[in-house]
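Peer 1: One structure, as C-alpha cells, below. Some questions next.
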2 protein chains.
Amino acid sequence: MNLLDSVNELIGNFKKGNIRALARIISKIENEDPGKDELLKNIFGMTGKAYVVGVTGSPGAGKSSLVDRMTSCLRKKGETVGIIAVDPTSPFSGGALLGDRIRMQEHAVDRGVYIRSMGTRGSLGGLARTTKEVVKVLDAYGYSWVIVETVGVGQAELDIMHVADTTLVVLTPGAGDSIQTIKAGIMEIADIFVVNKCDLPGADKVASEISQMLDLQGGTPEWRPPVVQVSTLNDLGMDGLMESVEKHRSYLVDSGLLESYREDRARKETLEIVDFRWRKLVNSQLNYQGFVNDILNRVTGRKTDPYTAADAILRYVIENSGLAGKK
Amino acid sequence: MNLLDSVNELIGNFKKGNIRALARIISKIENEDPGKDELLKNIFGMTGKAYVVGVTGSPGAGKSSLVDRMTSCLRKKGETVGIIAVDPTSPFSGGALLGDRIRMQEHAVDRGVYIRSMGTRGSLGGLARTTKEVVKVLDAYGYSWVIVETVGVGQAELDIMHVADTTLVVLTPGAGDSIQTIKAGIMEIADIFVVNKCDLPGADKVASEISQMLDLQGGTPEWRPPVVQVSTLNDLGMDGLMESVEKHRSYLVDSGLLESYREDRARKETLEIVDFRWRKLVNSQLNYQGFVNDILNRVTGRKTDPYTAADAILRYVIENSGLAGKK
C-alpha cells in the first residue's frame, strides 16, 4: 500500500468518526510522519468550527483540575470536548503531571471527551506548531470545544496560547504567585484571569492586585479581562467562569474579532510552514557534507565571518532548492 | 558621506579605543541599522578573546548585585569587564530594573567597566541575536570578560544564555524559589548554581535540594555543577564563586570543550543569519501586496489550505529572490 492509499484510508475512517483513526493521525503529527502534511491538507476543509480555549499559569495552580471542571460544565450542556495537555520537557516534573492526568479519569470513559497529553520531545518551537495541528485535527473530528492546557508561562507556552480564541491565565493565592512574579507577556495574553483555590486566604488579595494592574494597563476599552474566583476542589464559581468564557466568545463574534484573529492566525501559520520548508531545504544541504558544511568550517576556522558565509549559503541553498526557475 | 565611509570611520575610531564609537556601534546593532552587518564583518577578526559569563535566575534573586560584586572581583585582578543587562519587555517591571542599574553606579566612572542595558523592544527572538552581536562588539573592543545578565528563565532567556561560556543560575532561599518552580531546561544550562542571600534562613535547604537534583541528573561525569552560597549584601562567598568560575573555565579549556562549543555556536549563528536573511526575502514579498499576499488571502478565505499555499509561496520567494541562478 503506498503512502497516498494509506492516507486516503485513514481520512476515510476519520470522517466516519473512527476514534482510532483520530489517535493515529495525532500520532503521525507528533512523529513528523512523511504523510502528515497530506493528512492536514485533507482535513483543512473540516476545520474552523470548534471554539478553542487556552489554559495556562504557574505549576501547581490547578490547571488540570480546572480543565476537568470546565469539561464537566460543557458536557452538561451537551458539548463535546477535545483536550490537549502539553507537558514540559524536564524529567523532573514528569511525575506530578502524570498525577494530574489521573484526576481526569472521570472523563476517560466518556465518548464526548478526548484527552491527549503531548510531550515537548526536546523541541519547544516545534511544540507550538504540533499543538496547532492537533487542535485542527480535534476540530475536524467534530469536538465543539478544544481546550489546550500548558504548564508554565514561558515564551514557548505563550506561543502555544496563540492557538486559543479565549485564553485563561490561572493564579492561586500564596507563595510565588504574587503579581510581581507574573511573567512579562502574560498580562497581554489573558482574556480572563482565574484565581483558583479561592477558599484559601489571600485569594481576594491576588484578585485585587490583578484588578489594579488592569487599571494601569490591560485589555482594550472593549474587553477588560474579568478576574474570576473559583475553587475546583469545592466546585465553586465554575458557572461564573463559564459565563465569562461565553461572554468573551460573544464579544469576539459580535465585534468581528474572532474572524479577523483567525484570519491572522491562518496567515501567520502559512508563513510558519514556509519557514519550516525553508529550514528543511537548508538541513538537506547540511546532511550532504558538501558546500554548506565547507563554508561553515571556514567560519569555525575563522577564515571567513558569519555574515559573508550566510550570504553564500543563502545563495547556494536557493540555487540548489530545485525550485529556482527552470532546471 | 556614504555608508561605507561612515562604517570605515566608525571602525577606525573603535579600533583606537574610542568609547563613543563603541556606544554608537552598539546602538546601530540595536536599531538594526543598514550598516550593521558591515560593522560586524569588520570586527569579526578581533573577537574570540573575551570570556563570556551568563547570569540568569528568578526576578529578585539579586542578579544585578551579583554581577556588581563579580565585576569588583575581576577589576581587583586587573581584568576589564563589559556588562550586558537584558531587561524584560513588560512595562510593569521596568521600574525595579532601573533601580538595579543604579546599584552599579560604583563602576560608572571606571573606564575598565562598560555597562549596557538592553530592552527587548517587543522581539524576544531578536533579542538573543542582538545580545550575541553586542557580546562580539564588547569582545572586539578588548574587554577581557563579558557578563550577560538576563531576568527570568523563559525560553528567550535560555536562548540568550547560549552565548555564555559559563552560565550561572542564581537562586534565593524562600518563597517561589523552591526547586519545584525551577523552569524546565534551567538545570541543563547551569554550569554553576549560586544560592544568593545565603544569610537568610533556608539557604542550606535550597543548596541541598539542588544537590539532590544533581544526584538524580545533572552535569556530565566530568563537570558536576557546584552549588556556591554567597551573600552579595554582605560580600560573602564571592572569592569561592570566582574560583568556581575559573575552575569551570579551566575545565572547558583543558578538555577542548571551549573550542568545540565556540565552533558549534559559530556554526549555529551562521545558520541563524541565513534564516534571518531568508525571512527578509519573504517579508520583502509581503510588503509588495503581490502574489504572496494574494495567496495568503486565499488561505484566510478558505479557498486553499496552508500547506498548498506554503509550497506556492516558497517557490515564488525563491524564484524572485534575485539569487536563483542567472537572471
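Within each chain, counting starts at residue 1; across the C-alpha cells, chains are named A, B, ... in the order shown, with ligands numbered 1 upward in that order.
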Give chain A as a compact mmCIF listing (two decimals) with C-alpha atoms, in the first residue's frame once it has been least-squares superposed onto chain B over every C-alpha atom, paired in order.

Peer 2:
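As a result, selection17.txt now contains:
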```
# COMPACT_ATOMS: atom_id res chain seq x y z
CA MET A 1 29.39 60.63 3.22
CA ASN A 2 28.25 57.24 1.98
CA LEU A 3 27.49 54.21 4.12
CA LEU A 4 30.88 52.53 3.65
CA ASP A 5 32.84 55.68 4.52
CA SER A 6 30.90 56.10 7.73
CA VAL A 7 31.42 52.43 8.59
CA ASN A 8 35.15 52.74 7.96
CA GLU A 9 35.42 55.85 10.10
CA LEU A 10 33.44 54.26 12.92
CA ILE A 11 35.56 51.11 12.84
CA GLY A 12 38.71 53.23 12.76
CA ASN A 13 37.67 55.08 15.92
CA PHE A 14 36.53 51.82 17.52
CA LYS A 15 39.95 50.26 16.93
CA LYS A 16 41.59 53.29 18.55
CA GLY A 17 39.55 52.52 21.68
CA ASN A 18 37.11 55.40 21.32
CA ILE A 19 34.30 54.67 23.79
CA ARG A 20 31.78 56.73 21.83
CA ALA A 21 32.44 54.63 18.74
CA LEU A 22 31.71 51.55 20.88
CA ALA A 23 28.41 53.03 22.05
CA ARG A 24 27.43 54.05 18.52
CA ILE A 25 28.13 50.61 17.12
CA ILE A 26 25.99 49.00 19.83
CA SER A 27 23.17 51.45 19.10
CA LYS A 28 23.38 50.64 15.40
CA ILE A 29 23.05 46.94 16.23
CA GLU A 30 20.07 47.57 18.50
CA ASN A 31 18.38 49.72 15.87
CA GLU A 32 18.99 47.22 13.05
CA ASP A 33 20.92 49.90 11.15
CA PRO A 34 21.51 49.01 7.48
CA GLY A 35 25.28 49.27 8.04
CA LYS A 36 25.16 46.83 10.94
CA ASP A 37 26.29 43.71 9.10
CA GLU A 38 29.18 45.57 7.53
CA LEU A 39 30.31 46.68 11.00
CA LEU A 40 30.06 43.15 12.39
CA LYS A 41 31.99 41.74 9.42
CA ASN A 42 34.75 44.24 10.11
CA ILE A 43 35.13 43.45 13.79
CA PHE A 44 34.78 39.65 13.50
CA GLY A 45 38.55 39.20 13.27
CA MET A 46 39.03 40.99 16.59
CA THR A 47 36.67 38.69 18.53
CA GLY A 48 37.19 35.44 20.38
CA LYS A 49 39.33 36.67 23.23
CA ALA A 50 36.80 37.60 25.91
CA TYR A 51 35.46 35.06 28.38
CA VAL A 52 31.66 35.23 28.48
CA VAL A 53 29.69 34.59 31.68
CA GLY A 54 25.89 34.39 31.71
CA VAL A 55 23.88 35.14 34.84
CA THR A 56 20.21 34.22 35.04
CA GLY A 57 17.60 33.35 37.65
CA SER A 58 14.27 34.41 39.08
CA PRO A 59 13.30 38.06 39.44
CA GLY A 60 14.53 39.40 42.75
CA ALA A 61 17.30 36.83 43.11
CA GLY A 62 19.87 39.58 43.21
CA LYS A 63 21.45 39.05 39.81
CA SER A 64 22.48 42.67 39.34
CA SER A 65 24.14 42.81 42.75
CA LEU A 66 25.93 39.57 41.96
CA VAL A 67 27.20 40.94 38.65
CA ASP A 68 28.28 44.06 40.51
CA ARG A 69 30.27 42.04 43.08
CA MET A 70 31.77 39.79 40.38
CA THR A 71 32.88 42.89 38.50
CA SER A 72 34.64 44.20 41.61
CA CYS A 73 36.47 40.88 42.00
CA LEU A 74 37.57 40.90 38.36
CA ARG A 75 38.66 44.54 38.48
CA LYS A 76 40.88 43.81 41.50
CA LYS A 77 42.76 41.34 39.30
CA GLY A 78 43.15 43.93 36.57
CA GLU A 79 40.56 42.38 34.26
CA THR A 80 38.23 44.60 32.22
CA VAL A 81 34.52 43.88 32.15
CA GLY A 82 31.74 44.54 29.65
CA ILE A 83 28.25 44.00 31.08
CA ILE A 84 25.04 43.50 29.12
CA ALA A 85 21.92 43.69 31.28
CA VAL A 86 18.93 42.37 29.38
CA ASP A 87 15.66 43.81 30.64
CA PRO A 88 12.26 42.19 30.13
CA THR A 89 9.66 43.72 27.90
CA SER A 90 6.75 44.27 30.24
CA PRO A 91 6.11 47.85 31.31
CA PHE A 92 5.25 46.55 34.79
CA SER A 93 8.77 45.58 35.78
CA GLY A 94 10.72 48.45 34.25
CA GLY A 95 10.98 50.47 37.42
CA ALA A 96 12.56 47.85 39.64
CA LEU A 97 15.12 47.10 36.98
CA LEU A 98 16.15 50.70 36.67
CA GLY A 99 16.71 50.54 40.41
CA ASP A 100 19.02 47.56 39.92
CA ARG A 101 21.04 49.49 37.39
CA ILE A 102 21.59 52.28 39.88
CA ARG A 103 23.30 49.87 42.27
CA MET A 104 26.06 49.50 39.73
CA GLN A 105 26.97 53.19 39.94
CA GLU A 106 30.19 52.31 41.73
CA HIS A 107 31.55 51.16 38.37
CA ALA A 108 30.05 54.01 36.36
CA VAL A 109 33.22 56.09 36.42
CA ASP A 110 35.58 53.11 35.95
CA ARG A 111 37.00 53.04 32.39
CA GLY A 112 37.63 49.30 32.78
CA VAL A 113 33.90 48.60 33.05
CA TYR A 114 31.21 49.17 30.45
CA ILE A 115 27.54 48.64 31.31
CA ARG A 116 24.81 48.47 28.70
CA SER A 117 21.14 47.79 29.34
CA MET A 118 19.19 46.22 26.52
CA GLY A 119 15.43 46.23 26.17
CA THR A 120 13.54 43.59 24.31
CA ARG A 121 11.73 46.07 22.01
CA GLY A 122 8.99 43.52 21.63
CA SER A 123 11.05 40.96 19.75
CA LEU A 124 12.20 38.21 22.08
CA GLY A 125 13.65 36.03 19.34
CA GLY A 126 15.57 39.01 18.05
CA LEU A 127 16.96 39.84 21.47
CA ALA A 128 19.09 36.71 21.65
CA ARG A 129 20.60 37.60 18.29
CA THR A 130 21.21 41.23 19.24
CA THR A 131 22.75 40.17 22.56
CA LYS A 132 25.17 37.84 20.77
CA GLU A 133 26.17 40.65 18.46
CA VAL A 134 26.76 43.09 21.31
CA VAL A 135 28.86 40.45 23.11
CA LYS A 136 31.02 40.33 19.97
CA VAL A 137 31.39 44.11 19.94
CA LEU A 138 32.47 44.22 23.60
CA ASP A 139 34.83 41.31 22.95
CA ALA A 140 36.33 43.05 19.92
CA TYR A 141 36.70 46.29 21.86
CA GLY A 142 38.98 44.44 24.23
CA TYR A 143 37.06 43.69 27.43
CA SER A 144 38.62 40.53 28.82
CA TRP A 145 35.32 39.46 30.41
CA VAL A 146 31.78 39.94 29.17
CA ILE A 147 28.92 39.30 31.60
CA VAL A 148 25.39 38.87 30.26
CA GLU A 149 22.62 39.18 32.84
CA THR A 150 19.03 38.25 32.02
CA VAL A 151 15.95 38.41 34.17
CA GLY A 152 13.80 35.30 34.32
CA VAL A 153 14.36 31.88 32.93
CA GLY A 154 11.95 31.50 30.02
CA GLN A 155 12.83 30.17 26.61
CA ALA A 156 14.02 33.57 25.40
CA GLU A 157 16.40 33.83 28.34
CA LEU A 158 17.65 30.29 27.77
CA ASP A 159 18.39 31.28 24.17
CA ILE A 160 20.31 34.32 25.34
CA MET A 161 22.37 32.17 27.70
CA HIS A 162 23.69 30.16 24.73
CA VAL A 163 26.15 32.99 24.23
CA ALA A 164 27.89 32.24 27.54
CA ASP A 165 30.94 30.09 28.14
CA THR A 166 29.97 29.71 31.81
CA THR A 167 26.36 30.06 32.93
CA LEU A 168 25.42 30.91 36.52
CA VAL A 169 21.89 30.20 37.71
CA VAL A 170 21.03 32.30 40.75
CA LEU A 171 18.52 31.20 43.37
CA THR A 172 17.52 32.50 46.77
CA PRO A 173 16.07 30.84 49.83
CA GLY A 174 12.38 31.40 50.41
CA ALA A 175 9.14 31.89 48.61
CA GLY A 176 8.75 30.93 45.03
CA ASP A 177 12.29 29.78 44.56
CA SER A 178 11.95 26.21 45.73
CA ILE A 179 13.30 23.60 43.41
CA GLN A 180 9.84 22.67 42.15
CA THR A 181 9.41 26.03 40.52
CA ILE A 182 12.66 25.84 38.59
CA LYS A 183 11.79 26.05 34.93
CA ALA A 184 12.27 23.08 32.69
CA GLY A 185 15.57 23.51 30.93
CA ILE A 186 17.29 25.49 33.64
CA MET A 187 19.06 22.52 35.25
CA GLU A 188 20.63 21.71 31.92
CA ILE A 189 22.11 25.15 31.27
CA ALA A 190 23.61 25.78 34.72
CA ASP A 191 27.37 25.33 34.95
CA ILE A 192 27.34 26.77 38.47
CA PHE A 193 24.41 27.24 40.86
CA VAL A 194 24.60 30.33 43.03
CA VAL A 195 22.49 30.50 46.17
CA ASN A 196 22.38 34.21 46.92
CA LYS A 197 21.25 35.75 50.24
CA CYS A 198 22.88 32.80 51.99
CA ASP A 199 22.52 34.64 55.31
CA LEU A 200 18.75 34.13 55.11
CA PRO A 201 17.14 31.04 56.64
CA GLY A 202 16.62 28.22 54.17
CA ALA A 203 19.78 28.77 52.13
CA ASP A 204 21.21 25.39 53.12
CA LYS A 205 17.90 23.76 52.20
CA VAL A 206 17.91 25.25 48.71
CA ALA A 207 21.56 24.21 48.26
CA SER A 208 20.89 20.66 49.35
CA GLU A 209 17.77 20.43 47.17
CA ILE A 210 19.89 21.40 44.18
CA SER A 211 22.48 18.81 45.14
CA GLN A 212 19.81 16.14 45.35
CA MET A 213 18.56 17.04 41.90
CA LEU A 214 22.11 16.87 40.60
CA ASP A 215 22.42 13.41 42.14
CA LEU A 216 19.45 12.31 40.05
CA GLN A 217 20.60 14.04 36.90
CA GLY A 218 22.85 16.96 36.26
CA GLY A 219 26.03 17.84 34.54
CA THR A 220 28.40 15.39 32.96
CA PRO A 221 30.70 12.91 34.69
CA GLU A 222 33.48 15.45 34.06
CA TRP A 223 31.68 18.54 35.36
CA ARG A 224 29.18 18.47 38.16
CA PRO A 225 27.84 22.01 38.62
CA PRO A 226 28.96 23.23 42.05
CA VAL A 227 26.44 24.90 44.34
CA VAL A 228 28.01 28.07 45.73
CA GLN A 229 26.46 30.08 48.54
CA VAL A 230 27.04 33.82 48.52
CA SER A 231 25.64 36.97 50.07
CA THR A 232 26.17 39.93 47.80
CA LEU A 233 24.81 42.20 50.53
CA ASN A 234 27.50 41.14 53.01
CA ASP A 235 30.11 40.34 50.34
CA LEU A 236 30.29 36.71 51.49
CA GLY A 237 31.45 33.81 49.35
CA MET A 238 32.48 35.85 46.33
CA ASP A 239 36.06 34.54 46.24
CA GLY A 240 34.73 30.98 46.24
CA LEU A 241 32.36 31.81 43.41
CA MET A 242 35.10 33.36 41.28
CA GLU A 243 37.25 30.28 41.95
CA SER A 244 34.41 28.09 40.67
CA VAL A 245 34.13 30.21 37.54
CA GLU A 246 37.89 29.91 36.94
CA LYS A 247 37.71 26.17 37.59
CA HIS A 248 34.94 25.80 35.03
CA ARG A 249 36.92 27.87 32.56
CA SER A 250 40.01 25.66 33.05
CA TYR A 251 37.85 22.57 32.62
CA LEU A 252 36.48 23.90 29.32
CA VAL A 253 39.91 24.91 28.04
CA ASP A 254 41.70 21.71 29.09
CA SER A 255 39.03 19.40 27.72
CA GLY A 256 38.89 21.23 24.40
CA LEU A 257 35.21 21.92 25.04
CA LEU A 258 35.62 25.71 25.00
CA GLU A 259 36.90 25.48 21.44
CA SER A 260 34.27 23.00 20.29
CA TYR A 261 31.36 24.85 21.98
CA ARG A 262 32.48 28.07 20.34
CA GLU A 263 32.71 26.33 16.99
CA ASP A 264 29.19 24.96 17.44
CA ARG A 265 27.95 28.41 18.29
CA ALA A 266 29.63 29.99 15.27
CA ARG A 267 28.03 27.35 13.07
CA LYS A 268 24.61 27.83 14.63
CA GLU A 269 24.91 31.59 14.45
CA THR A 270 25.77 31.50 10.76
CA LEU A 271 22.70 29.39 10.05
CA GLU A 272 20.60 31.81 12.09
CA ILE A 273 21.81 34.64 9.88
CA VAL A 274 20.82 32.54 6.85
CA ASP A 275 17.33 32.17 8.35
CA PHE A 276 17.16 35.87 9.09
CA ARG A 277 18.13 36.75 5.49
CA TRP A 278 15.53 34.30 4.23
CA ARG A 279 12.86 35.92 6.35
CA LYS A 280 13.85 39.29 4.94
CA LEU A 281 13.30 37.91 1.44
CA VAL A 282 9.83 36.67 2.41
CA ASN A 283 8.98 39.97 4.10
CA SER A 284 10.07 41.97 1.07
CA GLN A 285 7.52 40.01 -0.98
CA LEU A 286 4.85 40.61 1.67
CA ASN A 287 5.45 44.33 1.47
CA TYR A 288 4.60 44.41 -2.24
CA GLN A 289 0.95 43.32 -1.82
CA GLY A 290 1.57 41.00 -4.73
CA PHE A 291 1.42 37.24 -5.29
CA VAL A 292 2.27 36.25 -1.71
CA ASN A 293 -0.47 38.43 -0.29
CA ASP A 294 -2.94 37.12 -2.84
CA ILE A 295 -2.27 33.54 -1.90
CA LEU A 296 -2.46 34.36 1.83
CA ASN A 297 -5.87 35.88 1.17
CA ARG A 298 -6.88 32.63 -0.50
CA VAL A 299 -5.98 30.83 2.74
CA THR A 300 -7.91 33.22 4.97
CA GLY A 301 -10.84 32.96 2.54
CA ARG A 302 -10.55 29.18 2.92
CA LYS A 303 -10.11 28.80 -0.86
CA THR A 304 -6.88 26.88 -0.33
CA ASP A 305 -5.15 25.19 2.60
CA PRO A 306 -2.01 26.53 4.33
CA TYR A 307 0.16 23.64 3.08
CA THR A 308 -0.58 24.10 -0.61
CA ALA A 309 -0.20 27.86 -0.13
CA ALA A 310 3.14 27.48 1.65
CA ASP A 311 4.54 25.42 -1.25
CA ALA A 312 3.51 28.10 -3.73
CA ILE A 313 4.98 30.90 -1.60
CA LEU A 314 8.26 29.03 -1.10
CA ARG A 315 8.64 28.61 -4.85
CA TYR A 316 7.68 32.21 -5.57
CA VAL A 317 10.08 33.75 -3.03
CA ILE A 318 12.94 31.59 -4.31
CA GLU A 319 12.22 32.45 -7.95
CA ASN A 320 12.06 36.14 -7.13
CA SER A 321 14.95 36.27 -4.66
CA GLY A 322 17.37 37.58 -7.26
CA LEU A 323 19.61 34.69 -6.18
CA ALA A 324 18.05 31.88 -8.26
CA GLY A 325 20.55 31.15 -11.03
CA LYS A 326 21.42 33.60 -13.83
CA LYS A 327 18.90 36.40 -14.32
```

Peer 1: Taking only stretch 186-247 of chain A into account, list the residues labelled strand (DSSP E) by DSSP (computed from the backbone), as a ChimeraX atom specification.

Peer 2: /A:192-195,227-229
